[in-house]
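In what follows, a structure is listed as structure tokens, so that the remarks can point back to it.
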Amino acid sequence: MPAHTVLGRFLELAAEEPDAPTLMEKRRGRWGSWSRRELSQRIADVVEILEGLSLPADGVVLMAAEDRVDWVVLDLAAQAVGQRVCAVPSDLGEQALRRAIELTDPALIVVTGQVAGDQVLEAMDAVGGRDRRLLDIGPANNQPAHDPRVVKLADLLPETPGDDASRLSDRLSAFDGGSIAVVALGTAAEAGGDPVLLDHASLLAGAEAVIGGVGLDASDLTLSFRPLADPTDRTTTLYAALLSGSRLALPESRGAVQAAMYEVAPTYLHVTRRWLDQVAFAVWGRLTNSRGIKGLLGRHWTAKMGRGESLHGVFTKYAVRFPVIEKLGLHRARTIVVSGSSPGHDERGFVASLGLPVRPAYALSEAGGILTLADGLRGEVGACGQALPGVQLRVEDDEVVVAGELITGGELITGDHGRIDDEGLVLLGRRGDVLHLPDGRTIEGLPLEIALRSSLFIREAVVNADPDTGSLTVTVELIRESVERWALRRDLTFATFRSLASMPEVIEMVRGEVTERLQGLDIRIEPDVRVLDVSLEELPGALTASGRVRGSVMERAGTAKVGVA
């Protein structure tokens with residue numbers, strides 16, 4: 001059996017310890033567990049189902065389904081029958097879904113439930129082209145498929161699983177490491193470029209690099225925090241868990257991740273910087289708004305947290321650190337990898353004060369995983385640590401270039417601006433993401449973004465400078481809870497957050513916050529401040545799977561629908 005594919009390596013482990021637990025899934029409020037034997041049997045059964053659908057050779061299976069065990073099964077089974085798997089979020093908007101179908105031309109699209117299936121059918125009809133099939137992995141019911149193009153996985157599965165997974169051996173032997181396994185729709189594809197192709201060898205190498213870098217083993221419990229559709233998370237979370245023996249917990253939904261975190265208390269997870277920011281503010285709000293002695297101590301502790309000072313002392317440990325960490329479900333965490341964008345000074349102060357084991361990483365969807373991993377948050381903002389085994393880094397004309405066995409094709413020019421020193425890679429932002437100020441100076445995008453995020457009222461900000469007109473436009477996403485508390489203390493009356501965000505008092509306050517931080521960077525320009533009246537999660541396409549802000553989307557939203565100071 002070949003060991004140069006993720007599935008081949010997993011089946012080897014399943015043969016050695018078939019009863020070892022590998023997946024946990026929460027459905028209808030209860031957690032269930034899958035062993036390696038059960039998972040490999042389901043994969044083998046689904047391989048036979050896919051073979052019966054007569055899919056074209058080297059075709060694409062588009063995964064637009066919710067994260068669940070059968071998502072994992074379809075991903076690996078489709079690869080085993082020679083299909084290239086392209087995964088997109090299950091809540092992808094109509095236009096983006098059409099774009100994904102146009103780019104990948106799939107013969108099979110996997111969905112969860114009839115509502116999602118109807119949306120995909122509409123997108124298929126709008127795109128046209130070849131005959132396509134839908135495979136619904138939703139729960140079984142007695143209703144027949146309402147469209148002849150739809151087949152239900154529950155109707156096709158055998159009543160009892162196959163005896164073993166040895167049926168896959170001959171099929172897997174046909175693959176070499178260079179066979180394409182995954183198609184990723186990165187930002188380049190969204191902008192009109194080509195999708196990214198990831199081969200079996202690079203996916204396997206990426207998972208093994210994570211296992212070695214983090215030290216994952218059978219004693220760990222991994223939580224699927226980010227969508228499995230994220231190419232980075234498939235190697236960093238899914239494949240790494242399957243091949244290390246770590247149990248992988250799949251929450252009931254993306255909105256239930258925090259609840260799942262509290263219930264399972266993971267030892268390892270891969271998160272976004274935005275989540276760290278949200279957690280830091282939630283803890284800050286809980287401590288500073290308490291009454292009496294607890295409130296006094298809370299404000300004292302949050303002041304120390306803001307300076308990045310650790311919370312020492314027995315009383316502090318049991319009254320603040322442990323309760324806070326336990327309520328977050330992080331009291332057993334030994335590694336929290338954060339990638340996508342760099343934690344700023346405030347997030348670093350929060351992490352340091354609570355002693356959370358956060359390790360920044362440099363990740364690229366185009367590479368299918370994380371490429372560097374830091375020991376902690378001791379370095380400067382933007383520090384991402386040393387390259388993982390199998391990765392070579394260099395900087396040419398201030399642009400980061402990566403090479404090695406993790407990279408399909410051998411080399412990738414990243415478009416990221418950075419430098420390499422004794423501590424490893426330090427990211428400075430996107431190459432070309434430089435503001436040309438009216439006074440002739442230039443400033444890097446990352447320090448400016450971090451400076452604006454240091455406000456208690458600003459979660460994200462995108463800045464646009466026009467040196468010809470001398471204008472500076474800043475589009476801001478607010479921290480809702482912080483702004484609401486500020487407004488209530490001033491007896492401002494509002495019905496919804498949308499109405500609050502458009503109030504002149506709020507816009508003026510935010511402009512003052514922006515101006516103060518710009519002046520701290522010696523930018524003496526009066527900005528035009530645009531305040532979003534929604535969170536970026538509510539704006540389709542505003543965030544990448546890794547939590548990065550798409551500046552162009554945010555600017556368009558700011559122009560169309562917000563108050564202007």
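Labels used: A, B, ... for chains in the order of the structure tokens, numbers from 1 for residues in each chain, and numbers from 1 for ligands as shown.
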Applying 8 Å and only C-alpha atoms, which residues near region 118-131 of chain A remain after dropping the ones on its own chain fewer than 2 positions away? List them as a PDB file with N, CA, C and O atoms, in the first residue's frame.
ATOM      1  N   GLU A  94     -24.046  33.228  -3.782  1.00  0.00           N
ATOM      2  CA  GLU A  94     -24.445  32.747  -5.106  1.00  0.00           C
ATOM      3  C   GLU A  94     -23.411  33.089  -6.174  1.00  0.00           C
ATOM      4  O   GLU A  94     -23.034  32.241  -6.988  1.00  0.00           O
ATOM      5  N   LEU A  97     -20.267  31.063  -5.692  1.00  0.00           N
ATOM      6  CA  LEU A  97     -20.498  29.670  -6.039  1.00  0.00           C
ATOM      7  C   LEU A  97     -20.475  29.473  -7.553  1.00  0.00           C
ATOM      8  O   LEU A  97     -19.886  28.515  -8.070  1.00  0.00           O
ATOM      9  N   ARG A  98     -21.115  30.393  -8.276  1.00  0.00           N
ATOM     10  CA  ARG A  98     -21.065  30.306  -9.738  1.00  0.00           C
ATOM     11  C   ARG A  98     -19.623  30.397 -10.229  1.00  0.00           C
ATOM     12  O   ARG A  98     -19.211  29.664 -11.137  1.00  0.00           O
ATOM     13  N   ILE A 101     -17.849  27.121  -9.757  1.00  0.00           N
ATOM     14  CA  ILE A 101     -18.259  26.127 -10.756  1.00  0.00           C
ATOM     15  C   ILE A 101     -17.610  26.421 -12.097  1.00  0.00           C
ATOM     16  O   ILE A 101     -17.125  25.518 -12.797  1.00  0.00           O
ATOM     17  N   GLU A 102     -17.562  27.692 -12.481  1.00  0.00           N
ATOM     18  CA  GLU A 102     -16.934  28.066 -13.749  1.00  0.00           C
ATOM     19  C   GLU A 102     -15.451  27.739 -13.757  1.00  0.00           C
ATOM     20  O   GLU A 102     -14.907  27.269 -14.764  1.00  0.00           O
ATOM     21  N   ASP A 105     -15.252  23.477 -13.189  1.00  0.00           N
ATOM     22  CA  ASP A 105     -16.043  22.628 -14.076  1.00  0.00           C
ATOM     23  C   ASP A 105     -16.238  21.234 -13.480  1.00  0.00           C
ATOM     24  O   ASP A 105     -15.873  20.215 -14.100  1.00  0.00           O
ATOM     25  N   ALA A 107     -17.839  17.652 -12.243  1.00  0.00           N
ATOM     26  CA  ALA A 107     -18.889  16.726 -12.657  1.00  0.00           C
ATOM     27  C   ALA A 107     -19.765  16.353 -11.469  1.00  0.00           C
ATOM     28  O   ALA A 107     -20.902  15.927 -11.650  1.00  0.00           O
ATOM     29  N   GLN A 114     -31.307  19.718   1.478  1.00  0.00           N
ATOM     30  CA  GLN A 114     -32.043  20.138   0.289  1.00  0.00           C
ATOM     31  C   GLN A 114     -31.916  21.625   0.019  1.00  0.00           C
ATOM     32  O   GLN A 114     -31.840  22.048  -1.140  1.00  0.00           O
ATOM     33  N   VAL A 115     -31.907  22.451   1.076  1.00  0.00           N
ATOM     34  CA  VAL A 115     -31.819  23.896   0.865  1.00  0.00           C
ATOM     35  C   VAL A 115     -30.516  24.247   0.147  1.00  0.00           C
ATOM     36  O   VAL A 115     -30.511  24.981  -0.853  1.00  0.00           O
ATOM     37  N   ALA A 116     -29.413  23.695   0.642  1.00  0.00           N
ATOM     38  CA  ALA A 116     -28.129  23.944  -0.018  1.00  0.00           C
ATOM     39  C   ALA A 116     -28.125  23.362  -1.422  1.00  0.00           C
ATOM     40  O   ALA A 116     -27.583  23.961  -2.357  1.00  0.00           O
ATOM     41  N   ARG A 133     -23.808  16.204 -11.376  1.00  0.00           N
ATOM     42  CA  ARG A 133     -24.580  15.506 -10.365  1.00  0.00           C
ATOM     43  C   ARG A 133     -24.334  16.159  -9.014  1.00  0.00           C
ATOM     44  O   ARG A 133     -23.264  16.719  -8.758  1.00  0.00           O
TER      45      ARG A 133
END
**Message:** I need the residues in region 294-494 of chain A that are strand (DSSP E) according to DSSP; give them as a VMD selection string.
**Reply:** chain A and resid 335 to 339 358 to 364 369 to 373 383 to 387 392 to 396 399 to 403 411 to 421 424 to 430 434 to 436 442 to 444 458 to 466 471 to 478
Output of the above residues as an mmCIF file, in the first residue's frame, restricted to C-alpha atoms:
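out-v4.cif written:
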data_model
loop_
_atom_site.group_PDB
_atom_site.id
_atom_site.type_symbol
_atom_site.label_atom_id
_atom_site.label_comp_id
_atom_site.auth_asym_id
_atom_site.auth_seq_id
_atom_site.Cartn_x
_atom_site.Cartn_y
_atom_site.Cartn_z
ATOM 1 C CA THR A 335 -0.338 24.633 21.348
ATOM 2 C CA ILE A 336 -2.474 27.310 19.688
ATOM 3 C CA VAL A 337 -1.252 28.045 16.165
ATOM 4 C CA VAL A 338 -2.385 31.390 14.741
ATOM 5 C CA SER A 339 -1.957 32.243 11.071
ATOM 6 C CA VAL A 358 0.160 30.812 21.155
ATOM 7 C CA ARG A 359 2.581 30.199 18.289
ATOM 8 C CA PRO A 360 2.402 32.472 15.207
ATOM 9 C CA ALA A 361 2.822 30.766 11.843
ATOM 10 C CA TYR A 362 3.223 31.808 8.231
ATOM 11 C CA ALA A 363 0.652 30.051 6.054
ATOM 12 C CA LEU A 364 -0.331 30.168 2.404
ATOM 13 C CA GLY A 369 -0.397 24.637 4.876
ATOM 14 C CA ILE A 370 1.796 26.450 7.349
ATOM 15 C CA LEU A 371 5.399 27.047 6.334
ATOM 16 C CA THR A 372 6.960 28.493 9.483
ATOM 17 C CA LEU A 373 6.240 28.199 13.195
ATOM 18 C CA ALA A 383 7.630 37.442 13.515
ATOM 19 C CA CYS A 384 6.569 34.008 12.210
ATOM 20 C CA GLY A 385 9.453 31.812 13.369
ATOM 21 C CA GLN A 386 11.671 29.349 11.599
ATOM 22 C CA ALA A 387 10.848 27.357 8.474
ATOM 23 C CA GLN A 392 13.319 26.761 2.233
ATOM 24 C CA LEU A 393 12.838 30.496 2.597
ATOM 25 C CA ARG A 394 14.597 33.371 0.924
ATOM 26 C CA VAL A 395 13.882 37.030 0.228
ATOM 27 C CA GLU A 396 14.395 38.539 -3.202
ATOM 28 C CA GLU A 399 9.624 39.590 -1.438
ATOM 29 C CA VAL A 400 9.364 36.242 0.331
ATOM 30 C CA VAL A 401 9.993 33.180 -1.842
ATOM 31 C CA VAL A 402 9.381 29.646 -0.559
ATOM 32 C CA ALA A 403 10.598 26.357 -2.002
ATOM 33 C CA GLU A 411 8.825 27.097 -5.683
ATOM 34 C CA LEU A 412 6.320 29.820 -4.919
ATOM 35 C CA ILE A 413 6.720 33.599 -5.173
ATOM 36 C CA THR A 414 4.425 34.728 -2.364
ATOM 37 C CA GLY A 415 3.815 38.416 -2.947
ATOM 38 C CA ASP A 416 4.542 39.020 0.747
ATOM 39 C CA HIS A 417 7.014 41.654 1.929
ATOM 40 C CA GLY A 418 9.367 40.487 4.663
ATOM 41 C CA ARG A 419 12.861 39.792 5.876
ATOM 42 C CA ILE A 420 14.724 36.834 7.380
ATOM 43 C CA ASP A 421 16.904 37.223 10.466
ATOM 44 C CA GLY A 424 13.331 33.439 11.285
ATOM 45 C CA LEU A 425 10.771 35.128 9.022
ATOM 46 C CA VAL A 426 9.404 38.571 9.859
ATOM 47 C CA LEU A 427 6.429 39.621 7.736
ATOM 48 C CA LEU A 428 6.018 43.316 6.953
ATOM 49 C CA GLY A 429 2.807 43.085 4.906
ATOM 50 C CA ARG A 430 1.922 42.450 1.295
ATOM 51 C CA VAL A 434 2.625 50.611 0.893
ATOM 52 C CA LEU A 435 0.910 53.938 1.344
ATOM 53 C CA HIS A 436 2.350 56.801 -0.680
ATOM 54 C CA THR A 442 5.801 55.964 2.273
ATOM 55 C CA ILE A 443 4.640 53.771 5.147
ATOM 56 C CA GLU A 444 4.250 49.996 5.390
ATOM 57 C CA ILE A 458 -11.528 49.418 16.113
ATOM 58 C CA ARG A 459 -11.362 45.768 15.052
ATOM 59 C CA GLU A 460 -10.096 46.266 11.493
ATOM 60 C CA ALA A 461 -9.149 49.214 9.287
ATOM 61 C CA VAL A 462 -8.248 49.608 5.612
ATOM 62 C CA VAL A 463 -6.412 52.765 4.564
ATOM 63 C CA ASN A 464 -6.281 54.312 1.102
ATOM 64 C CA ALA A 465 -4.077 57.312 0.324
ATOM 65 C CA ASP A 466 -4.208 59.439 -2.812
ATOM 66 C CA SER A 471 -6.747 62.630 0.671
ATOM 67 C CA LEU A 472 -6.541 59.802 3.161
ATOM 68 C CA THR A 473 -9.518 57.437 3.535
ATOM 69 C CA VAL A 474 -9.837 54.996 6.427
ATOM 70 C CA THR A 475 -12.621 52.388 6.409
ATOM 71 C CA VAL A 476 -13.206 50.977 9.889
ATOM 72 C CA GLU A 477 -14.905 47.916 11.355
ATOM 73 C CA LEU A 478 -15.988 48.637 14.924
#
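Going from CA of Gly344 (chain A) over to CA of Ser454 (chain A), you cover 7.7 Å.
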**Message:** I'd like the contact shell of Ala80 (chain A) - 12 Å cut-off, only C-alpha atoms, skipping same-chain residues fewer than 6 positions apart - returned as an MDAnalysis selection string.
**Reply:** chainID A and resid 2 5:8 11 40 43:51 57:58 61 73:74 167:176 179:182 200
**Message:** Please extract the residues of region 103-235 of chain A with a backbone DSSP assignment of helix (DSSP H, G or I) and present them as a PyMOL selection string.
**Reply:** chain A and resi 103-104+114-127+153-156+166-172+187-190+200-214+231-235
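Around Trp486 (chain A), within 10 Å and counting only C-alpha atoms, the residues found are Phe457, Arg480, Leu492, Val506 and Met509 of chain A, once anything fewer than 6 positions away on its own chain is removed.
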**Asked** Which residue out of A:Thr493, A:Ser33, A:Thr22, A:Ser219 has the minimum interatomic distance to Leu248 (chain A) when only C-alpha atoms are used?
**Response** A:Thr22
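Shortest atom-to-atom contact with Val183 (chain A) among A:Leu135, A:Val85, A:Ala265, A:Leu276: A:Val85, counting only C-alpha atoms.
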At a cut-off of 9 Å, using only C-alpha atoms, what residues contact Arg517 (chain A)? Leave out same-chain residues fewer than 5 positions from it and give the result as an mmCIF file with N, CA, C and O atoms, in the first residue's frame.
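Okay, part17.cif is ready:
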data_model
loop_
_atom_site.group_PDB
_atom_site.id
_atom_site.type_symbol
_atom_site.label_atom_id
_atom_site.label_comp_id
_atom_site.auth_asym_id
_atom_site.auth_seq_id
_atom_site.Cartn_x
_atom_site.Cartn_y
_atom_site.Cartn_z
ATOM 1 N N LEU A 448 0.785 50.210 10.161
ATOM 2 C CA LEU A 448 -0.357 51.112 10.195
ATOM 3 C C LEU A 448 -1.617 50.368 10.640
ATOM 4 O O LEU A 448 -2.388 50.854 11.475
ATOM 5 N N ALA A 451 -1.389 49.707 14.350
ATOM 6 C CA ALA A 451 -1.576 50.925 15.133
ATOM 7 C C ALA A 451 -3.054 51.283 15.237
ATOM 8 O O ALA A 451 -3.549 51.658 16.310
ATOM 9 N N LEU A 452 -3.796 51.165 14.163
ATOM 10 C CA LEU A 452 -5.223 51.493 14.193
ATOM 11 C C LEU A 452 -6.001 50.476 15.030
ATOM 12 O O LEU A 452 -6.951 50.831 15.732
ATOM 13 N N SER A 454 -5.060 49.137 17.656
ATOM 14 C CA SER A 454 -4.783 49.305 19.082
ATOM 15 C C SER A 454 -5.898 50.063 19.793
ATOM 16 O O SER A 454 -5.967 50.073 21.018
ATOM 17 N N SER A 455 -6.803 50.702 19.053
ATOM 18 C CA SER A 455 -7.949 51.365 19.661
ATOM 19 C C SER A 455 -8.912 50.327 20.215
ATOM 20 O O SER A 455 -9.135 49.268 19.615
ATOM 21 N N GLY A 512 -11.563 60.622 15.823
ATOM 22 C CA GLY A 512 -10.554 61.034 16.794
ATOM 23 C C GLY A 512 -9.576 59.913 17.107
ATOM 24 O O GLY A 512 -8.365 60.148 17.237
ATOM 25 N N ASP A 522 3.355 59.861 12.969
ATOM 26 C CA ASP A 522 3.786 61.105 12.336
ATOM 27 C C ASP A 522 3.104 61.333 11.000
ATOM 28 O O ASP A 522 3.696 61.837 10.046
ATOM 29 N N ILE A 523 1.827 60.920 10.888
ATOM 30 C CA ILE A 523 1.016 61.202 9.707
ATOM 31 C C ILE A 523 0.065 62.334 10.072
ATOM 32 O O ILE A 523 -0.914 62.125 10.798
#
**Message:** At a cut-off of 7 Å, using only C-alpha atoms, what residues contact region 330-333 of chain A? Leave out same-chain residues fewer than 4 positions from it and give the result as a PyMOL selection string.
**Reply:** chain A and resi 265-268+325-326
**Message:** Calculated over only C-alpha atoms, which of the candidates A:Glu17, A:Asp147, A:Asp75, A:Glu347 has the smallest distance to Arg274 (chain A)?
**Reply:** A:Glu347
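Between CA of Leu250 (chain A) and CA of Pro161 (chain A) the interatomic distance comes to 22.0 Å.
Distances from A:Arg9, A:Arg149, A:Arg132, A:Arg234 to Gly368 (chain A) were compared using only C-alpha atoms, and the smallest one belongs to A:Arg234.
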**Asked** Counting only C-alpha atoms, what is within 10 Å of Lys327 (chain A), bar same-chain residues fewer than 6 positions away, as a PyMOL selection string?
**Response** chain A and resi 258-259+261-263+265
